[in-house]
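Structure data (PDB, C-alpha atoms and all ligand atoms) from coords.pdb:
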ATOM      1  CA  MET N  25      65.323  -5.498 113.516
ATOM      2  CA  ALA N  26      62.084  -3.618 112.750
ATOM      3  CA  LYS N  27      59.930  -2.621 115.703
ATOM      4  CA  LYS N  28      56.982  -5.048 116.155
ATOM      5  CA  PHE N  29      53.432  -3.855 116.731
ATOM      6  CA  ILE N  30      50.093  -5.276 117.867
ATOM      7  CA  LEU N  31      46.998  -4.393 115.830
ATOM      8  CA  ILE N  32      43.643  -4.180 117.630
ATOM      9  CA  THR N  33      40.482  -3.613 115.575
ATOM     10  CA  GLY N  34      37.261  -2.715 117.386
ATOM     11  CA  ALA N  35      39.532  -1.058 119.933
ATOM     12  CA  SER N  36      36.801   1.008 121.566
ATOM     13  CA  GLY N  37      34.480  -1.983 122.063
ATOM     14  CA  GLU N  38      34.217  -3.708 125.432
ATOM     15  CA  ILE N  39      36.902  -6.344 124.867
ATOM     16  CA  GLY N  40      39.102  -3.804 123.030
ATOM     17  CA  GLU N  41      39.162  -1.284 125.869
ATOM     18  CA  ASN N  42      39.872  -3.967 128.458
ATOM     19  CA  LEU N  43      42.561  -5.597 126.317
ATOM     20  CA  ILE N  44      44.292  -2.226 125.858
ATOM     21  CA  ASN N  45      44.168  -1.700 129.650
ATOM     22  CA  TYR N  46      45.731  -5.137 130.116
ATOM     23  CA  PHE N  47      48.543  -4.483 127.635
ATOM     24  CA  SER N  48      49.225  -1.064 129.070
ATOM     25  CA  SER N  49      49.425  -2.557 132.602
ATOM     26  CA  LYS N  50      52.151  -4.862 131.234
ATOM     27  CA  GLY N  51      54.095  -1.929 129.756
ATOM     28  CA  GLU N  52      53.205  -2.831 126.158
ATOM     29  CA  LYS N  53      53.392   0.417 124.211
ATOM     30  CA  ASN N  54      53.312  -0.650 120.582
ATOM     31  CA  ILE N  55      49.589  -0.904 120.022
ATOM     32  CA  ILE N  56      47.967   0.287 116.824
ATOM     33  CA  ALA N  57      44.221   0.693 117.334
ATOM     34  CA  LEU N  58      41.506   0.938 114.711
ATOM     35  CA  ASP N  59      37.871   1.831 115.366
ATOM     36  CA  ILE N  60      35.158   4.215 114.250
ATOM     37  CA  ASN N  61      35.198   5.650 117.803
ATOM     38  CA  LYS N  62      38.211   6.689 119.836
ATOM     39  CA  PRO N  63      38.925   4.332 122.786
ATOM     40  CA  LYS N  64      38.783   6.013 126.213
ATOM     41  CA  ASN N  65      42.294   4.809 126.984
ATOM     42  CA  SER N  66      43.825   6.030 123.703
ATOM     43  CA  ASN N  67      46.724   7.618 125.604
ATOM     44  CA  SER N  68      47.938   4.066 126.351
ATOM     45  CA  ILE N  69      48.494   3.244 122.699
ATOM     46  CA  TYR N  70      51.064   4.094 120.045
ATOM     47  CA  LYS N  71      48.590   5.313 117.424
ATOM     48  CA  PHE N  72      44.835   5.343 116.961
ATOM     49  CA  TYR N  73      43.314   5.264 113.471
ATOM     50  CA  LYS N  74      39.717   6.470 113.310
ATOM     51  CA  GLY N  75      37.972   4.580 110.537
ATOM     52  CA  SER N  76      36.172   1.506 109.336
ATOM     53  CA  ILE N  77      37.608  -1.969 108.786
ATOM     54  CA  LEU N  78      35.884  -1.747 105.404
ATOM     55  CA  ASP N  79      38.167   1.134 104.343
ATOM     56  CA  ASP N  80      40.675  -0.554 101.988
ATOM     57  CA  GLN N  81      42.873   2.534 101.699
ATOM     58  CA  LEU N  82      43.197   2.857 105.452
ATOM     59  CA  LEU N  83      43.969  -0.858 105.867
ATOM     60  CA  SER N  84      46.592  -0.750 103.162
ATOM     61  CA  LYS N  85      48.204   2.305 104.802
ATOM     62  CA  ILE N  86      48.271   0.557 108.204
ATOM     63  CA  ASN N  87      49.684  -2.579 106.592
ATOM     64  CA  SER N  88      52.470  -0.651 104.865
ATOM     65  CA  LEU N  89      53.481   1.398 107.924
ATOM     66  CA  TYR N  90      53.839  -1.331 110.537
ATOM     67  CA  VAL N  91      55.256  -4.793 111.106
ATOM     68  CA  PHE N  92      52.711  -6.699 113.162
ATOM     69  CA  ASP N  93      53.489  -9.539 115.517
ATOM     70  CA  GLU N  94      49.900 -10.159 116.519
ATOM     71  CA  ILE N  95      46.445  -9.048 115.417
ATOM     72  CA  TYR N  96      43.336  -8.953 117.623
ATOM     73  CA  HIS N  97      40.409  -8.588 115.278
ATOM     74  CA  LEU N  98      37.568  -7.554 117.591
ATOM     75  CA  ALA N  99      35.460  -5.255 115.379
ATOM     76  CA  ALA N 100      31.941  -6.661 114.974
ATOM     77  CA  ILE N 101      28.241  -5.925 115.093
ATOM     78  CA  LEU N 102      26.667  -7.894 117.973
ATOM     79  CA  SER N 103      23.719 -10.265 117.709
ATOM     80  CA  THR N 104      20.589  -8.176 118.352
ATOM     81  CA  LYS N 105      21.882  -5.365 116.143
ATOM     82  CA  ALA N 106      22.907  -7.865 113.447
ATOM     83  CA  GLU N 107      19.368  -9.313 113.285
ATOM     84  CA  LEU N 108      18.001  -5.801 112.770
ATOM     85  CA  ASN N 109      20.686  -4.814 110.210
ATOM     86  CA  PRO N 110      21.706  -8.024 108.408
ATOM     87  CA  LYS N 111      23.367  -6.234 105.511
ATOM     88  CA  ILE N 112      25.609  -4.092 107.717
ATOM     89  CA  ALA N 113      26.366  -7.167 109.841
ATOM     90  CA  GLN N 114      27.399  -9.135 106.757
ATOM     91  CA  GLU N 115      29.662  -6.269 105.668
ATOM     92  CA  VAL N 116      31.340  -5.646 109.022
ATOM     93  CA  ASN N 117      31.375  -9.180 110.426
ATOM     94  CA  VAL N 118      32.233 -11.089 107.251
ATOM     95  CA  GLU N 119      33.721  -8.752 104.633
ATOM     96  CA  GLY N 120      35.576  -6.786 107.358
ATOM     97  CA  SER N 121      37.020 -10.011 108.768
ATOM     98  CA  ILE N 122      38.159 -11.174 105.333
ATOM     99  CA  LYS N 123      39.961  -7.844 104.852
ATOM    100  CA  ILE N 124      41.759  -8.317 108.180
ATOM    101  CA  PHE N 125      42.636 -11.925 107.260
ATOM    102  CA  ASN N 126      44.125 -10.559 104.019
ATOM    103  CA  LEU N 127      46.136  -7.997 105.972
ATOM    104  CA  ALA N 128      47.418 -10.837 108.177
ATOM    105  CA  LEU N 129      48.335 -12.859 105.068
ATOM    106  CA  CYS N 130      50.332  -9.863 103.715
ATOM    107  CA  GLN N 131      52.148  -9.619 107.029
ATOM    108  CA  SER N 132      52.828 -13.381 107.051
ATOM    109  CA  LYS N 133      54.265 -13.116 103.561
ATOM    110  CA  GLN N 134      56.440 -10.077 104.356
ATOM    111  CA  GLN N 135      57.766 -11.607 107.556
ATOM    112  CA  ASN N 136      57.980 -15.130 106.206
ATOM    113  CA  LYS N 137      56.161 -16.554 109.226
ATOM    114  CA  LYS N 138      52.559 -17.255 110.217
ATOM    115  CA  ILE N 139      51.142 -14.112 111.867
ATOM    116  CA  LYS N 140      49.054 -14.781 114.956
ATOM    117  CA  ILE N 141      45.503 -13.542 114.721
ATOM    118  CA  PHE N 142      42.931 -13.658 117.504
ATOM    119  CA  PHE N 143      39.255 -13.827 116.567
ATOM    120  CA  PRO N 144      36.405 -13.660 119.104
ATOM    121  CA  SER N 145      33.555 -15.975 118.209
ATOM    122  CA  SER N 146      30.486 -16.688 120.263
ATOM    123  CA  ILE N 147      27.968 -19.162 121.689
ATOM    124  CA  ALA N 148      25.772 -17.741 118.904
ATOM    125  CA  VAL N 149      27.265 -20.381 116.563
ATOM    126  CA  TYR N 150      25.139 -22.990 118.388
ATOM    127  CA  ASN N 151      21.464 -23.564 117.803
ATOM    128  CA  LEU N 152      19.480 -25.548 120.331
ATOM    129  CA  LYS N 153      16.162 -26.969 119.258
ATOM    130  CA  ASN N 154      14.554 -27.778 122.603
ATOM    131  CA  ASN N 155      14.769 -27.305 126.314
ATOM    132  CA  ASP N 156      16.358 -30.702 126.967
ATOM    133  CA  GLU N 157      19.442 -29.573 125.021
ATOM    134  CA  LYS N 158      19.747 -26.612 127.438
ATOM    135  CA  LYS N 159      20.768 -29.115 130.147
ATOM    136  CA  ILE N 160      23.637 -30.650 128.145
ATOM    137  CA  PRO N 161      27.162 -29.114 128.260
ATOM    138  CA  ILE N 162      27.696 -28.165 124.625
ATOM    139  CA  SER N 163      31.105 -28.965 123.049
ATOM    140  CA  GLU N 164      32.651 -27.325 120.009
ATOM    141  CA  ASN N 165      31.417 -29.858 117.462
ATOM    142  CA  MET N 166      27.787 -30.056 118.644
ATOM    143  CA  LEU N 167      24.676 -28.267 117.275
ATOM    144  CA  CYS N 168      26.612 -25.798 115.075
ATOM    145  CA  ASN N 169      23.799 -24.756 112.795
ATOM    146  CA  PRO N 170      23.097 -21.123 113.699
ATOM    147  CA  HIS N 171      19.921 -19.425 112.566
ATOM    148  CA  THR N 172      20.916 -15.881 113.517
ATOM    149  CA  VAL N 173      22.815 -13.636 111.123
ATOM    150  CA  TYR N 174      25.442 -13.010 113.801
ATOM    151  CA  GLY N 175      25.950 -16.727 114.519
ATOM    152  CA  GLN N 176      26.220 -17.491 110.820
ATOM    153  CA  ASN N 177      28.717 -14.637 110.311
ATOM    154  CA  LYS N 178      30.877 -15.852 113.194
ATOM    155  CA  LEU N 179      30.845 -19.511 112.109
ATOM    156  CA  TYR N 180      31.728 -18.573 108.526
ATOM    157  CA  CYS N 181      34.721 -16.483 109.662
ATOM    158  CA  GLU N 182      35.873 -19.230 112.049
ATOM    159  CA  ASN N 183      35.921 -21.585 109.066
ATOM    160  CA  ILE N 184      37.813 -19.184 106.806
ATOM    161  CA  GLY N 185      40.385 -18.461 109.520
ATOM    162  CA  THR N 186      40.837 -22.172 110.230
ATOM    163  CA  ALA N 187      41.281 -22.949 106.522
ATOM    164  CA  LEU N 188      43.850 -20.139 106.127
ATOM    165  CA  ASP N 189      45.783 -21.592 109.031
ATOM    166  CA  TYR N 190      45.659 -25.197 107.812
ATOM    167  CA  TYR N 191      45.642 -24.963 104.011
ATOM    168  CA  GLY N 192      46.822 -21.351 103.508
ATOM    169  CA  ASN N 193      45.777 -19.180 100.579
ATOM    170  CA  GLU N 194      46.295 -19.841  96.867
ATOM    171  CA  ASN N 195      49.970 -18.818  97.245
ATOM    172  CA  ASN N 196      50.489 -21.169 100.171
ATOM    173  CA  ILE N 197      50.713 -18.322 102.707
ATOM    174  CA  HIS N 198      49.263 -19.189 106.137
ATOM    175  CA  ILE N 199      48.066 -17.378 109.247
ATOM    176  CA  ASP N 200      48.144 -18.612 112.836
ATOM    177  CA  PHE N 201      44.407 -18.450 113.608
ATOM    178  CA  ARG N 202      43.281 -18.648 117.237
ATOM    179  CA  CYS N 203      39.651 -18.292 118.213
ATOM    180  CA  ILE N 204      37.525 -18.379 121.367
ATOM    181  CA  ARG N 205      33.762 -18.911 121.400
ATOM    182  CA  PHE N 206      32.790 -16.573 124.220
ATOM    183  CA  PRO N 207      29.735 -16.901 126.418
ATOM    184  CA  GLY N 208      28.104 -13.610 127.503
ATOM    185  CA  ILE N 209      30.772 -11.331 128.976
ATOM    186  CA  ILE N 210      30.096  -9.136 132.010
ATOM    187  CA  SER N 211      32.378  -6.178 132.609
ATOM    188  CA  ALA N 212      32.457  -3.891 135.633
ATOM    189  CA  ASN N 213      33.823  -0.878 133.765
ATOM    190  CA  THR N 214      32.337  -0.954 130.241
ATOM    191  CA  THR N 215      28.853  -1.507 128.782
ATOM    192  CA  PRO N 216      27.956  -3.683 125.795
ATOM    193  CA  SER N 217      25.772  -2.461 122.973
ATOM    194  CA  GLY N 218      23.679  -4.426 120.517
ATOM    195  CA  GLY N 219      24.142  -7.861 122.099
ATOM    196  CA  THR N 220      21.470 -10.312 123.247
ATOM    197  CA  SER N 221      23.281 -11.316 126.437
ATOM    198  CA  ASP N 222      23.253  -7.634 127.464
ATOM    199  CA  TYR N 223      20.450  -8.203 130.003
ATOM    200  CA  ALA N 224      22.944  -9.460 132.614
ATOM    201  CA  PRO N 225      25.412  -6.536 132.453
ATOM    202  CA  GLU N 226      22.504  -4.080 132.101
ATOM    203  CA  MET N 227      20.776  -5.505 135.189
ATOM    204  CA  ILE N 228      23.994  -5.260 137.207
ATOM    205  CA  LYS N 229      24.682  -1.722 136.041
ATOM    206  CA  SER N 230      21.110  -0.624 136.882
ATOM    207  CA  ALA N 231      21.444  -2.074 140.389
ATOM    208  CA  LYS N 232      24.713  -0.185 140.915
ATOM    209  CA  GLN N 233      23.030   3.035 139.789
ATOM    210  CA  LEU N 234      20.133   2.333 142.194
ATOM    211  CA  LYS N 235      17.732   2.057 139.258
ATOM    212  CA  SER N 236      15.193  -0.644 138.507
ATOM    213  CA  TYR N 237      15.601  -2.800 135.382
ATOM    214  CA  SER N 238      13.104  -4.079 132.858
ATOM    215  CA  CYS N 239      14.395  -7.372 131.493
ATOM    216  CA  TYR N 240      13.632  -8.314 127.858
ATOM    217  CA  VAL N 241      13.885 -12.101 128.427
ATOM    218  CA  SER N 242      12.053 -14.385 130.899
ATOM    219  CA  ASN N 243      13.142 -15.241 134.426
ATOM    220  CA  TYR N 244      13.954 -18.907 133.537
ATOM    221  CA  CYS N 245      16.453 -17.950 130.774
ATOM    222  CA  LYS N 246      19.869 -19.468 131.210
ATOM    223  CA  ILE N 247      23.025 -19.030 129.120
ATOM    224  CA  PRO N 248      26.722 -19.207 130.082
ATOM    225  CA  PHE N 249      28.678 -16.132 131.178
ATOM    226  CA  ILE N 250      32.143 -15.074 132.262
ATOM    227  CA  VAL N 251      33.453 -11.811 133.675
ATOM    228  CA  MET N 252      35.801  -9.600 131.683
ATOM    229  CA  PRO N 253      39.052 -10.390 133.607
ATOM    230  CA  ASP N 254      38.556 -14.078 132.723
ATOM    231  CA  ALA N 255      37.770 -13.203 129.088
ATOM    232  CA  ILE N 256      41.024 -11.211 128.832
ATOM    233  CA  ASP N 257      42.940 -13.948 130.634
ATOM    234  CA  GLY N 258      41.597 -16.493 128.119
ATOM    235  CA  ILE N 259      42.703 -14.383 125.145
ATOM    236  CA  ILE N 260      46.183 -13.812 126.581
ATOM    237  CA  LYS N 261      46.656 -17.489 127.515
ATOM    238  CA  LEU N 262      45.519 -18.758 124.123
ATOM    239  CA  MET N 263      47.733 -16.291 122.252
ATOM    240  CA  ALA N 264      50.741 -17.158 124.420
ATOM    241  CA  CYS N 265      50.341 -20.934 124.009
ATOM    242  CA  ASN N 266      52.937 -22.802 122.013
ATOM    243  CA  LYS N 267      51.327 -23.643 118.659
ATOM    244  CA  SER N 268      52.390 -27.287 118.906
ATOM    245  CA  LYS N 269      49.963 -27.711 121.839
ATOM    246  CA  LEU N 270      46.993 -26.328 119.916
ATOM    247  CA  ILE N 271      45.311 -29.171 118.073
ATOM    248  CA  ASN N 272      42.249 -27.027 117.365
ATOM    249  CA  ASN N 273      41.753 -23.447 116.198
ATOM    250  CA  VAL N 274      38.424 -22.768 117.930
ATOM    251  CA  TYR N 275      37.728 -23.221 121.656
ATOM    252  CA  ASN N 276      34.797 -22.806 124.050
ATOM    253  CA  ILE N 277      35.468 -21.106 127.348
ATOM    254  CA  THR N 278      32.978 -20.563 130.169
ATOM    255  CA  SER N 279      32.459 -20.025 133.859
ATOM    256  CA  PHE N 280      28.874 -19.930 135.255
ATOM    257  CA  SER N 281      25.331 -20.361 133.908
ATOM    258  CA  PRO N 282      22.739 -18.651 136.107
ATOM    259  CA  THR N 283      19.113 -18.062 135.197
ATOM    260  CA  VAL N 284      17.830 -14.482 135.118
ATOM    261  CA  SER N 285      16.177 -15.161 138.509
ATOM    262  CA  GLU N 286      19.481 -16.346 139.953
ATOM    263  CA  PHE N 287      21.143 -13.125 138.789
ATOM    264  CA  HIS N 288      18.344 -11.190 140.468
ATOM    265  CA  ASN N 289      18.690 -13.145 143.729
ATOM    266  CA  GLU N 290      22.440 -12.508 143.832
ATOM    267  CA  ILE N 291      22.079  -8.799 143.098
ATOM    268  CA  ILE N 292      19.574  -8.255 145.911
ATOM    269  CA  LEU N 293      22.109  -9.633 148.400
ATOM    270  CA  TYR N 294      24.029  -6.421 147.682
ATOM    271  CA  TYR N 295      21.212  -4.062 146.653
ATOM    272  CA  LYS N 296      18.163  -5.209 148.574
ATOM    273  CA  ASN N 297      15.896  -2.547 147.059
ATOM    274  CA  PHE N 298      16.725  -3.472 143.462
ATOM    275  CA  ILE N 299      13.543  -4.012 141.439
ATOM    276  CA  LEU N 300      13.450  -6.272 138.386
ATOM    277  CA  THR N 301      10.470  -6.222 136.019
ATOM    278  CA  TYR N 302       9.916  -7.998 132.692
ATOM    279  CA  ASN N 303       8.968  -6.742 129.258
ATOM    280  CA  ILE N 304       9.685  -9.674 126.942
ATOM    281  CA  ASN N 305      11.074  -9.060 123.475
ATOM    282  CA  ASN N 306      10.106 -12.162 121.494
ATOM    283  CA  GLN N 307      12.948 -11.934 119.011
ATOM    284  CA  ARG N 308      15.617 -11.618 121.716
ATOM    285  CA  GLN N 309      13.916 -14.331 123.793
ATOM    286  CA  LYS N 310      14.072 -16.708 120.816
ATOM    287  CA  ILE N 311      17.799 -16.037 120.386
ATOM    288  CA  ILE N 312      18.528 -16.727 124.068
ATOM    289  CA  ASP N 313      16.422 -19.927 123.923
ATOM    290  CA  SER N 314      18.576 -21.146 121.008
ATOM    291  CA  TRP N 315      21.919 -20.597 122.784
ATOM    292  CA  PRO N 316      23.483 -23.224 125.095
ATOM    293  CA  GLY N 317      22.547 -23.354 128.761
ATOM    294  CA  ILE N 318      25.941 -24.833 129.643
ATOM    295  CA  LEU N 319      29.196 -24.938 127.674
ATOM    296  CA  ASN N 320      31.813 -27.668 127.772
ATOM    297  CA  ASP N 321      35.245 -26.024 127.821
ATOM    298  CA  SER N 322      37.311 -29.134 128.594
ATOM    299  CA  ILE N 323      39.264 -28.985 125.303
ATOM    300  CA  ALA N 324      40.587 -25.485 126.139
ATOM    301  CA  ASN N 325      41.385 -26.732 129.618
ATOM    302  CA  LYS N 326      43.343 -29.720 128.312
ATOM    303  CA  GLN N 327      45.211 -28.046 125.459
ATOM    304  CA  TRP N 328      46.159 -24.668 126.914
ATOM    305  CA  GLY N 329      45.272 -24.812 130.601
ATOM    306  CA  TRP N 330      42.168 -22.599 130.484
ATOM    307  CA  LYS N 331      40.236 -22.300 133.730
ATOM    308  CA  ALA N 332      37.998 -19.429 134.855
ATOM    309  CA  LYS N 333      39.234 -17.724 138.000
ATOM    310  CA  TYR N 334      35.863 -16.168 138.882
ATOM    311  CA  ASN N 335      32.861 -18.375 139.635
ATOM    312  CA  PHE N 336      29.357 -16.890 140.035
ATOM    313  CA  LYS N 337      29.676 -15.811 143.688
ATOM    314  CA  LYS N 338      33.255 -14.584 143.348
ATOM    315  CA  SER N 339      32.409 -12.540 140.253
ATOM    316  CA  PHE N 340      30.044 -10.437 142.343
ATOM    317  CA  SER N 341      32.036 -10.276 145.591
ATOM    318  CA  ASP N 342      35.531  -9.774 144.125
ATOM    319  CA  TYR N 343      34.865  -8.005 140.858
ATOM    320  CA  LEU N 344      31.422  -6.647 139.950
ATOM    321  CA  PHE N 345      30.477  -5.337 143.399
ATOM    322  CA  SER N 346      33.916  -5.439 144.996
ATOM    323  CA  LYS N 347      33.992  -1.736 145.889
ATOM    324  CA  LEU N 348      30.903  -1.951 148.126
TER
HETATM  325  N1  LIG T 401      27.354 -11.532 123.739
HETATM  326  C1  LIG T 401      27.132 -11.451 122.331
HETATM  327  C2  LIG T 401      25.778 -10.972 121.996
HETATM  328  O1  LIG T 401      24.916 -11.044 122.846
HETATM  329  C3  LIG T 401      27.254 -12.801 121.703
HETATM  330  O2  LIG T 401      28.552 -13.142 121.511
HETATM  331  O3  LIG T 401      25.562 -10.579 120.894
END
Now that the file is in, can you turn its structure into structure tokens?
Amino acid sequence: MAKKFILITGASGEIGENLINYFSSKGEKNIIALDINKPKNSNSIYKFYKGSILDDQLLSKINSLYVFDEIYHLAAILSTKAELNPKIAQEVNVEGSIKIFNLALCQSKQQNKKIKIFFPSSIAVYNLKNNDEKKIPISENMLCNPHTVYGQNKLYCENIGTALDYYGNENNIHIDFRCIRFPGIISANTTPSGGTSDYAPEMIKSAKQLKSYSCYVSNYCKIPFIVMPDAIDGIIKLMACNKSKLINNVYNITSFSPTVSEFHNEIILYYKNFILTYNINNQRQKIIDSWPGILNDSIANKQWGWKAKYNFKKSFSDYLFSKL
């Protein structure tokens, strides 16, 4: 039987690097990674391809060389960057995703089975209109009318992936599409770039480096977050779940929803001299105001047993600041 591989696009992004670390800790050696930048942990993978997901020749070469069991399509432009570069965002986030879906369809056809593909979506698919909605736990089918380029890109790809799973393509070939709508993710060992939820990880990193931080959104701002180990755990659990248990393709997951002030108060328990100032960026503020304050992740909990292991306090004591 042919050797089976795992394809990871966006391998040098935050989730990519942490997912590779996870696989390598489990002894998984057959990872093919694609990114425009080399991942730091590239010695843990079988082969790294430096290039763009928009490069048809490269994708066709990768498709012809390997038999893939699973695909993790993580390459994307995050929300703040997407607003500033809508054309590039459309190319990478939408056209790039369609190319990877096509690669998955080729693999499904060759192997005569639905290839599993993981797609990270985001709370950016939601669009809240007022502050009262910030207090409601938002479920998957509520308020999905994004006004940001990034949110629109993500929702569109969710819908294509779901349709390719359910209806298949014109030749009746299907993929096994599994998607998580992530809240902001906070990692202890990597830094995000171009996102709007970046204020939380940036604040934490500044505190660790004994620097002050100038926050671009107001102190009352509140969106949901999880820490990276829970994000990876969610991906692994969803991908491992028996398909018969998955009634949906797209799931919310979450853990805690602190305000910026609550983040600050927690950080100064560990770094009492940490100074937080504010320099509001109206565009980023507007985006954060339109994202949920609280997510409802009960469907993921019911169907595949999702539950965050790290709450707010534990995230700081056992993960983010655990080496203090
Ligand atoms: N965390 C991402 C961002 O801020 C959203 O998924 O862009």
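Picked by the PyMOL selection byres (((chain N and resi 289-299) around 8) and not hetatm) from the coordinates shown: N:Ile228, N:Ala231, N:Lys232, N:Leu234, N:Lys235, N:Ser236, N:Tyr237, N:Ser285, N:Glu286, N:Phe287, N:His288, N:Leu300, N:Thr301, N:Lys337, N:Phe345.
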For Phe29 of chain N: contacts at 8 Å, only C-alpha atoms, fewer than 4 positions along chain excluded, given as a ChimeraX atom specification: /N:54-56,90-94
Using the chain letters and numbers from the file, give me the residues hit by the PyMOL selection byres (((chain N and resi 270) around 10) and not hetatm), as a short mmCIF file (atom, residue, chain, number, x, y, z; two decimals) with C-alpha atoms, in the frame of the given file.
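Ended up saving to out.cif:
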data_model
loop_
_atom_site.label_atom_id
_atom_site.label_comp_id
_atom_site.auth_asym_id
_atom_site.auth_seq_id
_atom_site.Cartn_x
_atom_site.Cartn_y
_atom_site.Cartn_z
CA ARG N 202 43.28 -18.65 117.24
CA LEU N 262 45.52 -18.76 124.12
CA CYS N 265 50.34 -20.93 124.01
CA ASN N 266 52.94 -22.80 122.01
CA LYS N 267 51.33 -23.64 118.66
CA SER N 268 52.39 -27.29 118.91
CA LYS N 269 49.96 -27.71 121.84
CA ILE N 271 45.31 -29.17 118.07
CA ASN N 272 42.25 -27.03 117.36
CA ASN N 273 41.75 -23.45 116.20
CA VAL N 274 38.42 -22.77 117.93
CA TYR N 275 37.73 -23.22 121.66
CA ILE N 323 39.26 -28.98 125.30
CA ALA N 324 40.59 -25.48 126.14
CA LYS N 326 43.34 -29.72 128.31
CA GLN N 327 45.21 -28.05 125.46
CA TRP N 328 46.16 -24.67 126.91
#
Can you build me a table of chain N residues sitting at most 7 Å from ligand LIG 401 (chain T), with the closest atom pair per residue and its distance in Å to one decimal, using all atoms listed in the file, sorted by chain and residue number, as a Markdown table?
| residue | atom | partner | partner_atom | distance |
| --- | --- | --- | --- | --- |
| N:Leu102 | CA | T:LIG401 | O3 | 4.1 |
| N:Ser103 | CA | T:LIG401 | O3 | 3.7 |
| N:Thr104 | CA | T:LIG401 | O3 | 6.1 |
| N:Ser145 | CA | T:LIG401 | O2 | 6.6 |
| N:Ser146 | CA | T:LIG401 | O2 | 4.2 |
| N:Ile147 | CA | T:LIG401 | O2 | 6.1 |
| N:Ala148 | CA | T:LIG401 | C3 | 5.9 |
| N:Phe206 | CA | T:LIG401 | O2 | 6.1 |
| N:Pro207 | CA | T:LIG401 | O2 | 6.3 |
| N:Gly208 | CA | T:LIG401 | N1 | 4.4 |
| N:Ile209 | CA | T:LIG401 | N1 | 6.3 |
| N:Gly218 | CA | T:LIG401 | O3 | 6.4 |
| N:Gly219 | CA | T:LIG401 | O3 | 3.3 |
| N:Thr220 | CA | T:LIG401 | O1 | 3.5 |
| N:Ser221 | CA | T:LIG401 | O1 | 4.0 |
| N:Asp222 | CA | T:LIG401 | O1 | 6.0 |
Test item: the PyMOL selection byres (((chain N and resi 122) around 12) and not hetatm) resolved as JSON, numbers by chain: {"N": [77, 78, 80, 83, 97, 99, 114, 115, 116, 117, 118, 119, 120, 121, 123, 124, 125, 126, 127, 128, 129, 143, 177, 178, 180, 181, 182, 183, 184, 185, 188]}
Option closest in space to Lys71 of chain N, from N:Leu108, N:Leu43, N:Ile141, N:Leu31 [counting only C-alpha atoms]: N:Leu31
Computed interatomic separation between atom CA of Asp313 of chain N and atom CA of Phe336 of chain N (Å): 20.9 Å
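Relative to atom CA of Tyr343 of chain N, atom CA of Ile69 of chain N is found at 25.3 Å.
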Atom-to-atom span, atom CA of Glu164 of chain N and atom CA of Leu152 of chain N, Å: 13.3 Å
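For the choices N:Pro161, N:Gly175, N:Pro144, N:Pro110, the atom-to-atom distance to Ile311 of chain N is smallest for N:Gly175 when using all atoms listed in the file.
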Selection as a PyMOL selection string: residues within 12 Å of (48.0, -0.8, 120.3), counting all atoms listed in the file: chain N and resi 28-36+40-48+51-59+63+65-73+90+92-97
Let me see the file: selected residues, C-alpha atoms, as a tab-separated table (two decimals), in the coordinates of the input.
chain	number	residue	atom	x	y	z
N	28	LYS	CA	56.98	-5.05	116.16
N	29	PHE	CA	53.43	-3.86	116.73
N	30	ILE	CA	50.09	-5.28	117.87
N	31	LEU	CA	47.00	-4.39	115.83
N	32	ILE	CA	43.64	-4.18	117.63
N	33	THR	CA	40.48	-3.61	115.58
N	34	GLY	CA	37.26	-2.72	117.39
N	35	ALA	CA	39.53	-1.06	119.93
N	36	SER	CA	36.80	1.01	121.57
N	40	GLY	CA	39.10	-3.80	123.03
N	41	GLU	CA	39.16	-1.28	125.87
N	42	ASN	CA	39.87	-3.97	128.46
N	43	LEU	CA	42.56	-5.60	126.32
N	44	ILE	CA	44.29	-2.23	125.86
N	45	ASN	CA	44.17	-1.70	129.65
N	46	TYR	CA	45.73	-5.14	130.12
N	47	PHE	CA	48.54	-4.48	127.64
N	48	SER	CA	49.22	-1.06	129.07
N	51	GLY	CA	54.10	-1.93	129.76
N	52	GLU	CA	53.20	-2.83	126.16
N	53	LYS	CA	53.39	0.42	124.21
N	54	ASN	CA	53.31	-0.65	120.58
N	55	ILE	CA	49.59	-0.90	120.02
N	56	ILE	CA	47.97	0.29	116.82
N	57	ALA	CA	44.22	0.69	117.33
N	58	LEU	CA	41.51	0.94	114.71
N	59	ASP	CA	37.87	1.83	115.37
N	63	PRO	CA	38.92	4.33	122.79
N	65	ASN	CA	42.29	4.81	126.98
N	66	SER	CA	43.82	6.03	123.70
N	67	ASN	CA	46.72	7.62	125.60
N	68	SER	CA	47.94	4.07	126.35
N	69	ILE	CA	48.49	3.24	122.70
N	70	TYR	CA	51.06	4.09	120.04
N	71	LYS	CA	48.59	5.31	117.42
N	72	PHE	CA	44.84	5.34	116.96
N	73	TYR	CA	43.31	5.26	113.47
N	90	TYR	CA	53.84	-1.33	110.54
N	92	PHE	CA	52.71	-6.70	113.16
N	93	ASP	CA	53.49	-9.54	115.52
N	94	GLU	CA	49.90	-10.16	116.52
N	95	ILE	CA	46.44	-9.05	115.42
N	96	TYR	CA	43.34	-8.95	117.62
N	97	HIS	CA	40.41	-8.59	115.28
Spatial sel., origin (30.8, -3.3, 135.1), limit 9 Å, all atoms listed in the file, listed as a PyMOL selection string: chain N and resi 210-215+225-226+228-229+232+252+343-345
Wanna dump the segment 179-289 of chain N-segment 154-157 of chain N contacts at 12 Å for me, each residue with its shortest atom pair and the distance in Å to one decimal, counting all atoms listed in the file, ordered by chain and number, as JSON lines?
{"residue": "N:Tyr244", "atom": "CA", "partner": "N:Asn155", "partner_atom": "CA", "distance": 11.1}
{"residue": "N:Cys245", "atom": "CA", "partner": "N:Asn155", "partner_atom": "CA", "distance": 10.5}
{"residue": "N:Lys246", "atom": "CA", "partner": "N:Asn155", "partner_atom": "CA", "distance": 10.6}
{"residue": "N:Ile247", "atom": "CA", "partner": "N:Glu157", "partner_atom": "CA", "distance": 11.9}
